[in-house]
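A.B. asks: There's a structure below that I have some questions on.
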Protein chains: 2
Amino acid sequence: MGQPGTYRYQIAARDVDFASRPTLVAVTDYVLLAAGEDADRNGFGVKHLNADNWTWVLLRFCIGFENYPVQGEILTVTTWVSDVNRLMTTRNFTVTGGEGRTIGGAVSNWAMIDRSTRKAVDLSQHLAYADALVDRPSPVAPPEKLGAVAPARTMTHRVAYSDLDFNGHMNSLRYLALMADMMPLEQHRSPVKRMDINFLHEARYGEQLTVGVREPAFEIVNEAGSAVCRAQMEW
Amino acid sequence: MGQPGTYRYQIAARDVDFASRPTLVAVTDYVLLAAGEDADRNGFGVKHLNADNWTWVLLRFCIGFENYPVQGEILTVTTWVSDVNRLMTTRNFTVTGGEGRTIGGAVSNWAMIDRSTRKAVDLSQHLAYADALVDRPSPVAPPEKLGAVAPARTMTHRVAYSDLDFNGHMNSLRYLALMADMMPLEQHRSPVKRMDINFLHEARYGEQLTVGVREPAFEIVNEAGSAVCRAQMEW
């Protein structure tokens, strides 16, 4: 049996938008940073997996807000793994802000893949992992499995150098940024209440993506017509 | 007479590119963060100026590298203001890395404007400012004044929500990211040796920009054909 880990991050000036509110991308980034730190603490972070040429892949994520964070606020992210099966694990998060006010909760589903074969690694065989489980329920409903979207509006984006992460794929948070950019600017004057996102395919350098929206649903498809990422945002 | 200020930042995982090297955007961001912190320390930071409805505007910037920083490295940025005249001030930076190794130096030129009239504020009348001056030369040659570019390759970009800063204009570093994206991916396997950038016009939400390059020169123009930003990068 494991213990939850707690990590702190301060919302920086570079994290805010034109309305001086932290972007959803920035807040999600801090939550995922806690996932990485906690995996390192438990001995199954990316730096440990590299020896086996394995890596974590984020499949689905959701975040719900009771109160949206503000610039300068220190976020306390508590995270724990509640479930693991052969193909997927569930990592949970609670987020509190200044003076302990509740910000919200998040849930993520991850797979582990072999970087050379791109195939899933059987998590049930990864023993150190089972030791980290914490018997505590998820703080919000799990990430929804999102269906195809018939977009009302679209734009295109070619995957560029500044979109890439250290794996050479488009950074997960860049999908979210492109989707947020599809909403009228005025929508961003209100904070998001809940966001669900599914990652379905990796996008690589030079690929042309089409970003579509039919509120509250978003979908990014590649040139072959495959869905790369879907999301749903509630304001 | 003032004293230089020293600030420390650690290169984070989210700052690196596909080659696991910190992006030029991320390194420049840390250097400019030190400018903001040091202005706050001296009583003329953005938060002090807001009372007068004034703000700083970055006109030109350059950064030169003897050694390019690496992921996880703690950057020590020392900064001081060496010059001020009616319309412009010069702020300098030296950057060292782990175990004190020299990273490089940077020089920036700033104006102060009244946010309501968008006109320059006479810096020579701003007395607290003169007290902050440090009699120490710039560590590298000052930012070059860059001329117009006849581009060999172009791309377009419409200014989106995620490009905006808290002033509602396109974030200065987003120009730099767009320019970096114009280079072939393989170019980014080598670190930049020096970058000069000039900021000429503000870009606003919804404007369509054209990003052009004729190596080593870059230029971004708006729909009216005015240059918004020019840069030069040496690899």
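Residue numbering restarts at 1 in every chain; chains get A, B, ... in the order shown in the structure tokens, and ligands count up from 1 in that same order.
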For Trp56 (chain A), work out the shell of residues within 9 Å, counting only C-alpha atoms and skipping chain neighbours fewer than 4 positions away, then give it as a compact mmCIF listing (two decimals) with all heavy atoms, in the first residue's frame.
C.D. replies:
# COMPACT_ATOMS: atom_id res chain seq x y z
N GLY A 45 9.04 6.57 -12.48
CA GLY A 45 9.02 7.77 -13.32
C GLY A 45 9.73 7.52 -14.64
O GLY A 45 10.37 6.48 -14.82
N VAL A 46 9.62 8.50 -15.53
CA VAL A 46 10.21 8.35 -16.86
C VAL A 46 11.70 8.05 -16.77
O VAL A 46 12.23 7.24 -17.53
CB VAL A 46 9.94 9.63 -17.70
CG1 VAL A 46 10.77 9.64 -18.97
CG2 VAL A 46 8.45 9.74 -18.02
N LEU A 49 12.13 4.38 -16.14
CA LEU A 49 11.65 3.54 -17.23
C LEU A 49 12.59 3.57 -18.43
O LEU A 49 12.61 2.63 -19.23
CB LEU A 49 10.26 4.00 -17.68
CG LEU A 49 9.16 3.96 -16.62
CD1 LEU A 49 7.84 4.37 -17.24
CD2 LEU A 49 9.04 2.57 -16.01
N TRP A 110 -3.44 6.20 -17.66
CA TRP A 110 -2.15 6.08 -18.33
C TRP A 110 -1.90 4.64 -18.79
O TRP A 110 -2.32 3.69 -18.11
CB TRP A 110 -1.01 6.44 -17.38
CG TRP A 110 -1.09 7.80 -16.77
CD1 TRP A 110 -1.91 8.19 -15.74
CD2 TRP A 110 -0.33 8.96 -17.14
NE1 TRP A 110 -1.70 9.52 -15.46
CE2 TRP A 110 -0.74 10.02 -16.28
CE3 TRP A 110 0.66 9.20 -18.10
CZ2 TRP A 110 -0.18 11.30 -16.38
CZ3 TRP A 110 1.22 10.47 -18.18
CH2 TRP A 110 0.79 11.51 -17.33
N ALA A 111 -1.18 4.50 -19.88
CA ALA A 111 -0.64 3.20 -20.28
C ALA A 111 0.88 3.33 -20.29
O ALA A 111 1.42 4.44 -20.28
CB ALA A 111 -1.13 2.83 -21.67
N MET A 112 1.55 2.18 -20.27
CA MET A 112 3.01 2.20 -20.38
C MET A 112 3.34 1.50 -21.70
O MET A 112 2.76 0.44 -21.99
CB MET A 112 3.64 1.45 -19.22
CG MET A 112 5.09 1.79 -18.99
SD MET A 112 5.83 0.69 -17.77
CE MET A 112 5.23 1.38 -16.25
N ILE A 113 4.21 2.10 -22.50
CA ILE A 113 4.56 1.45 -23.76
C ILE A 113 6.07 1.25 -23.87
O ILE A 113 6.86 1.94 -23.22
CB ILE A 113 4.06 2.24 -25.01
CG1 ILE A 113 4.72 3.61 -25.10
CG2 ILE A 113 2.54 2.36 -25.04
CD1 ILE A 113 4.64 4.21 -26.50
A.B. asks: Identify every residue of chain B that has at least one atom within 7 Å of any atom of chain A, counting only C-alpha atoms, and report the result as a tab-separated table (two decimals) with N, CA, C and O atoms, in the first residue's frame.
C.D. replies:
chain	number	residue	atom	x	y	z
B	16	VAL	N	12.15	22.06	-22.52
B	16	VAL	CA	13.04	21.45	-23.51
B	16	VAL	C	12.31	21.06	-24.80
B	16	VAL	O	11.10	20.87	-24.81
B	17	ASP	N	13.11	20.95	-25.86
B	17	ASP	CA	12.58	20.60	-27.18
B	17	ASP	C	12.78	19.11	-27.46
B	17	ASP	O	13.14	18.35	-26.56
B	18	PHE	N	12.55	18.71	-28.70
B	18	PHE	CA	12.66	17.29	-29.08
B	18	PHE	C	14.07	16.76	-28.88
B	18	PHE	O	14.26	15.56	-28.75
B	19	ALA	N	15.06	17.65	-28.87
B	19	ALA	CA	16.45	17.23	-28.69
B	19	ALA	C	16.85	17.32	-27.22
B	19	ALA	O	18.04	17.23	-26.89
B	20	SER	N	15.85	17.51	-26.34
B	20	SER	CA	16.05	17.62	-24.89
B	20	SER	C	16.89	18.84	-24.49
B	20	SER	O	17.47	18.88	-23.40
B	160	ALA	N	-3.96	34.18	-31.81
B	160	ALA	CA	-5.00	33.42	-31.11
B	160	ALA	C	-4.96	33.70	-29.61
B	160	ALA	O	-4.01	34.30	-29.09
B	161	TYR	N	-5.99	33.23	-28.93
B	161	TYR	CA	-6.10	33.38	-27.47
B	161	TYR	C	-4.80	32.99	-26.76
B	161	TYR	O	-4.32	33.74	-25.91
B	162	SER	N	-4.24	31.84	-27.13
B	162	SER	CA	-3.07	31.35	-26.39
B	162	SER	C	-1.79	32.11	-26.71
B	162	SER	O	-0.75	31.86	-26.10
B	164	LEU	N	-1.76	35.47	-26.43
B	164	LEU	CA	-1.90	36.79	-25.80
B	164	LEU	C	-1.25	36.85	-24.42
B	164	LEU	O	-1.28	35.87	-23.67
B	165	ASP	N	-0.72	38.01	-24.07
B	165	ASP	CA	-0.24	38.23	-22.71
B	165	ASP	C	-1.29	39.04	-21.94
B	165	ASP	O	-2.38	39.31	-22.44
B	166	PHE	N	-0.95	39.40	-20.72
B	166	PHE	CA	-1.92	40.08	-19.84
B	166	PHE	C	-2.26	41.49	-20.35
B	166	PHE	O	-3.21	42.09	-19.87
B	167	ASN	N	-1.48	41.99	-21.33
B	167	ASN	CA	-1.81	43.28	-21.94
B	167	ASN	C	-2.78	43.11	-23.10
B	167	ASN	O	-3.21	44.10	-23.71
B	168	GLY	N	-3.10	41.84	-23.46
B	168	GLY	CA	-3.99	41.59	-24.58
B	168	GLY	C	-3.30	41.68	-25.94
B	168	GLY	O	-3.95	41.68	-26.98
B	177	ALA	N	9.07	32.21	-31.05
B	177	ALA	CA	8.70	30.81	-31.31
B	177	ALA	C	8.31	30.61	-32.77
B	177	ALA	O	8.73	29.64	-33.42
B	181	ASP	N	10.23	28.31	-35.58
B	181	ASP	CA	9.50	27.27	-36.32
B	181	ASP	C	9.73	27.32	-37.83
B	181	ASP	O	9.40	26.37	-38.54
B	185	LEU	N	13.89	21.41	-38.99
B	185	LEU	CA	14.02	20.78	-37.68
B	185	LEU	C	15.48	20.45	-37.36
B	185	LEU	O	15.95	20.62	-36.23
A.B. asks: Enumerate as a PyMOL selection string all residues of region 173-229 of chain B assigned to strand (DSSP E or B) by DSSP on the backbone, naming them with the chain letters and numbers the document uses.
C.D. replies: chain B and resi 194-199+204+208-214+217-221+227-229
A.B. asks: For the structure I just gave you, how does DSSP split region 22-80 of chain B - specifically, which residues are helix (DSSP H, G or I)? Reply as a ChimeraX atom specification.
C.D. replies: /B:24-41,46-52
A.B. asks: Can you tell me, as a PDB file with N, CA and C atoms, in the first residue's frame, what residues are no more than 7 Å from region 132-144 of chain B when counting only C-alpha atoms, ignoring any on the same chain fewer than 2 positions away?
C.D. replies:
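Final output, selection_10.pdb:
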ATOM      1  N   MET B   1      23.386  55.625  -7.107  1.00  0.00           N
ATOM      2  CA  MET B   1      24.000  54.443  -7.741  1.00  0.00           C
ATOM      3  C   MET B   1      23.351  53.172  -7.203  1.00  0.00           C
ATOM      4  N   GLY B   2      23.002  52.270  -8.114  1.00  0.00           N
ATOM      5  CA  GLY B   2      22.329  51.036  -7.704  1.00  0.00           C
ATOM      6  C   GLY B   2      23.272  49.849  -7.595  1.00  0.00           C
ATOM      7  N   GLN B   3      22.698  48.723  -7.368  1.00  0.00           N
ATOM      8  CA  GLN B   3      23.436  47.464  -7.272  1.00  0.00           C
ATOM      9  C   GLN B   3      22.802  46.456  -8.224  1.00  0.00           C
ATOM     10  N   ASN B  42      13.547  47.438  -7.495  1.00  0.00           N
ATOM     11  CA  ASN B  42      13.957  48.843  -7.542  1.00  0.00           C
ATOM     12  C   ASN B  42      12.780  49.815  -7.506  1.00  0.00           C
ATOM     13  N   ARG B  60      14.210  46.228 -27.981  1.00  0.00           N
ATOM     14  CA  ARG B  60      15.224  45.379 -28.614  1.00  0.00           C
ATOM     15  C   ARG B  60      15.856  44.506 -27.543  1.00  0.00           C
ATOM     16  N   PHE B  61      16.318  43.358 -27.977  1.00  0.00           N
ATOM     17  CA  PHE B  61      16.934  42.405 -27.053  1.00  0.00           C
ATOM     18  C   PHE B  61      17.958  41.599 -27.832  1.00  0.00           C
ATOM     19  N   CYS B  62      19.058  41.247 -27.180  1.00  0.00           N
ATOM     20  CA  CYS B  62      19.979  40.285 -27.780  1.00  0.00           C
ATOM     21  C   CYS B  62      20.527  39.394 -26.696  1.00  0.00           C
ATOM     22  N   GLY B  64      23.723  36.334 -26.240  1.00  0.00           N
ATOM     23  CA  GLY B  64      24.836  35.591 -26.828  1.00  0.00           C
ATOM     24  C   GLY B  64      25.250  34.483 -25.869  1.00  0.00           C
ATOM     25  N   TRP B  80      21.506  44.468 -14.383  1.00  0.00           N
ATOM     26  CA  TRP B  80      21.660  45.845 -13.960  1.00  0.00           C
ATOM     27  C   TRP B  80      21.308  46.797 -15.098  1.00  0.00           C
ATOM     28  N   VAL B  81      20.918  48.002 -14.724  1.00  0.00           N
ATOM     29  CA  VAL B  81      20.590  49.039 -15.696  1.00  0.00           C
ATOM     30  C   VAL B  81      21.813  49.936 -15.827  1.00  0.00           C
ATOM     31  N   SER B  82      22.317  50.113 -17.054  1.00  0.00           N
ATOM     32  CA  SER B  82      23.560  50.868 -17.239  1.00  0.00           C
ATOM     33  C   SER B  82      23.328  52.248 -17.830  1.00  0.00           C
ATOM     34  N   ASP B  83      22.166  52.447 -18.455  1.00  0.00           N
ATOM     35  CA  ASP B  83      21.949  53.704 -19.173  1.00  0.00           C
ATOM     36  C   ASP B  83      20.482  54.075 -19.164  1.00  0.00           C
ATOM     37  N   ASN B  92      21.133  45.139 -18.675  1.00  0.00           N
ATOM     38  CA  ASN B  92      22.108  44.107 -19.043  1.00  0.00           C
ATOM     39  C   ASN B  92      21.936  42.863 -18.186  1.00  0.00           C
ATOM     40  N   THR B  94      24.082  39.021 -17.154  1.00  0.00           N
ATOM     41  CA  THR B  94      25.031  37.916 -17.341  1.00  0.00           C
ATOM     42  C   THR B  94      24.344  36.668 -16.813  1.00  0.00           C
ATOM     43  N   GLY B 105      25.629  36.329 -22.119  1.00  0.00           N
ATOM     44  CA  GLY B 105      25.191  37.646 -21.702  1.00  0.00           C
ATOM     45  C   GLY B 105      24.081  38.145 -22.603  1.00  0.00           C
ATOM     46  N   ALA B 106      23.321  39.119 -22.088  1.00  0.00           N
ATOM     47  CA  ALA B 106      22.193  39.661 -22.847  1.00  0.00           C
ATOM     48  C   ALA B 106      22.088  41.160 -22.578  1.00  0.00           C
ATOM     49  N   VAL B 107      21.512  41.873 -23.536  1.00  0.00           N
ATOM     50  CA  VAL B 107      21.285  43.312 -23.403  1.00  0.00           C
ATOM     51  C   VAL B 107      19.879  43.620 -23.919  1.00  0.00           C
ATOM     52  N   ALA B 128      13.509  57.910  -9.411  1.00  0.00           N
ATOM     53  CA  ALA B 128      13.901  56.659  -8.746  1.00  0.00           C
ATOM     54  C   ALA B 128      14.705  55.808  -9.716  1.00  0.00           C
ATOM     55  N   TYR B 129      14.421  56.017 -10.999  1.00  0.00           N
ATOM     56  CA  TYR B 129      15.065  55.226 -12.008  1.00  0.00           C
ATOM     57  C   TYR B 129      16.565  55.518 -12.072  1.00  0.00           C
ATOM     58  N   ALA B 130      16.929  56.780 -12.049  1.00  0.00           N
ATOM     59  CA  ALA B 130      18.337  57.166 -12.140  1.00  0.00           C
ATOM     60  C   ALA B 130      19.138  56.591 -10.968  1.00  0.00           C
ATOM     61  N   LEU B 146      17.742  46.053 -36.766  1.00  0.00           N
ATOM     62  CA  LEU B 146      17.649  45.158 -37.920  1.00  0.00           C
ATOM     63  C   LEU B 146      16.820  45.780 -39.031  1.00  0.00           C
ATOM     64  N   ASP B 196      19.406  38.349 -32.000  1.00  0.00           N
ATOM     65  CA  ASP B 196      19.001  39.756 -31.835  1.00  0.00           C
ATOM     66  C   ASP B 196      17.548  39.855 -32.248  1.00  0.00           C
TER      67      ASP B 196
END
A.B. asks: Near region 149-153 of chain A, within 6 Å and counting only C-alpha atoms, which residues show up once chain neighbours fewer than 2 positions away are dropped, as a list in words?
C.D. replies: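 Final neighbour list, sorted by chain and number: Gly212, Val213 and Arg214 of chain A.
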A.B. asks: Restrict the selected residues to all heavy atoms and save them as an mmCIF file, in the first residue's frame.
C.D. replies:
data_model
loop_
_atom_site.group_PDB
_atom_site.id
_atom_site.type_symbol
_atom_site.label_atom_id
_atom_site.label_comp_id
_atom_site.auth_asym_id
_atom_site.auth_seq_id
_atom_site.Cartn_x
_atom_site.Cartn_y
_atom_site.Cartn_z
ATOM 1 N N GLY A 212 -11.322 20.946 -34.877
ATOM 2 C CA GLY A 212 -12.741 21.233 -35.065
ATOM 3 C C GLY A 212 -13.457 21.392 -33.733
ATOM 4 O O GLY A 212 -13.026 20.847 -32.715
ATOM 5 N N VAL A 213 -14.549 22.140 -33.762
ATOM 6 C CA VAL A 213 -15.338 22.316 -32.544
ATOM 7 C C VAL A 213 -16.821 22.312 -32.890
ATOM 8 O O VAL A 213 -17.235 22.844 -33.940
ATOM 9 C CB VAL A 213 -14.956 23.627 -31.810
ATOM 10 C CG1 VAL A 213 -15.168 24.853 -32.673
ATOM 11 C CG2 VAL A 213 -15.739 23.783 -30.503
ATOM 12 N N ARG A 214 -17.606 21.642 -32.066
ATOM 13 C CA ARG A 214 -19.049 21.811 -32.000
ATOM 14 C C ARG A 214 -19.334 21.814 -30.509
ATOM 15 O O ARG A 214 -19.355 20.771 -29.865
ATOM 16 C CB ARG A 214 -19.795 20.683 -32.714
ATOM 17 C CG ARG A 214 -21.330 20.813 -32.614
ATOM 18 C CD ARG A 214 -22.039 19.711 -33.400
ATOM 19 N NE ARG A 214 -21.821 19.842 -34.816
ATOM 20 C CZ ARG A 214 -22.582 20.577 -35.649
ATOM 21 N NH1 ARG A 214 -23.631 21.230 -35.166
ATOM 22 N NH2 ARG A 214 -22.321 20.629 -36.927
#
A.B. asks: Write out as a PyMOL selection string the residues lying within 6 Å of region 8-11 of chain A, counting only C-alpha atoms and excluding same-chain residues fewer than 3 positions away.
C.D. replies: chain A and resi 71-76
A.B. asks: Measuring atom to atom with only C-alpha atoms, identify which of B:Val70, B:Ile63, B:Met155, B:Leu209 is nearest to Arg194 (chain B).
C.D. replies: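 Of B:Val70, B:Ile63, B:Met155, B:Leu209, the one nearest Arg194 (chain B), counting only C-alpha atoms, is B:Ile63.
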A.B. asks: Provide the CA of Gly5 (chain B) to CA of Gln232 (chain B) distance in Å, to one decimal place.
C.D. replies: 28.2 Å
A.B. asks: Counting only C-alpha atoms, what is within 8 Å of Glu234 (chain B), bar same-chain residues fewer than 5 positions away, as a list in words?
C.D. replies: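 Counting only C-alpha atoms, the residues come to Val192, Lys193, Arg194, Met195 and Pro216 of chain B.
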A.B. asks: Name the residues in contact with Ala120 (chain B) at a cut-off of 12 Å, using only C-alpha atoms, excluding same-chain residues fewer than 3 positions from it; report them as a ChimeraX atom specification.
C.D. replies: /B:53-57,59,85-88,110-117,123-125
A.B. asks: If you measure from CA of Ala227 (chain A) to CA of Tyr175 (chain A), what distance in Å do you get, rounded to one decimal?
C.D. replies: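 Rounded to one decimal, the two atoms are 11.8 Å apart.
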A.B. asks: To one decimal place, how far is CA of Glu66 (chain A) from CA of Thr102 (chain A) in Å?
C.D. replies: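 So the two atoms, CA of Glu66 (chain A) and CA of Thr102 (chain A), lie 6.7 Å apart.
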A.B. asks: Compare B:Thr6, B:Ser190, B:Asn109, B:Cys229 by their minimum atom-to-atom distance to Arg41 (chain B), counting only C-alpha atoms, and give me the closest one.
C.D. replies: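 Nearest to Arg41 (chain B): B:Thr6.
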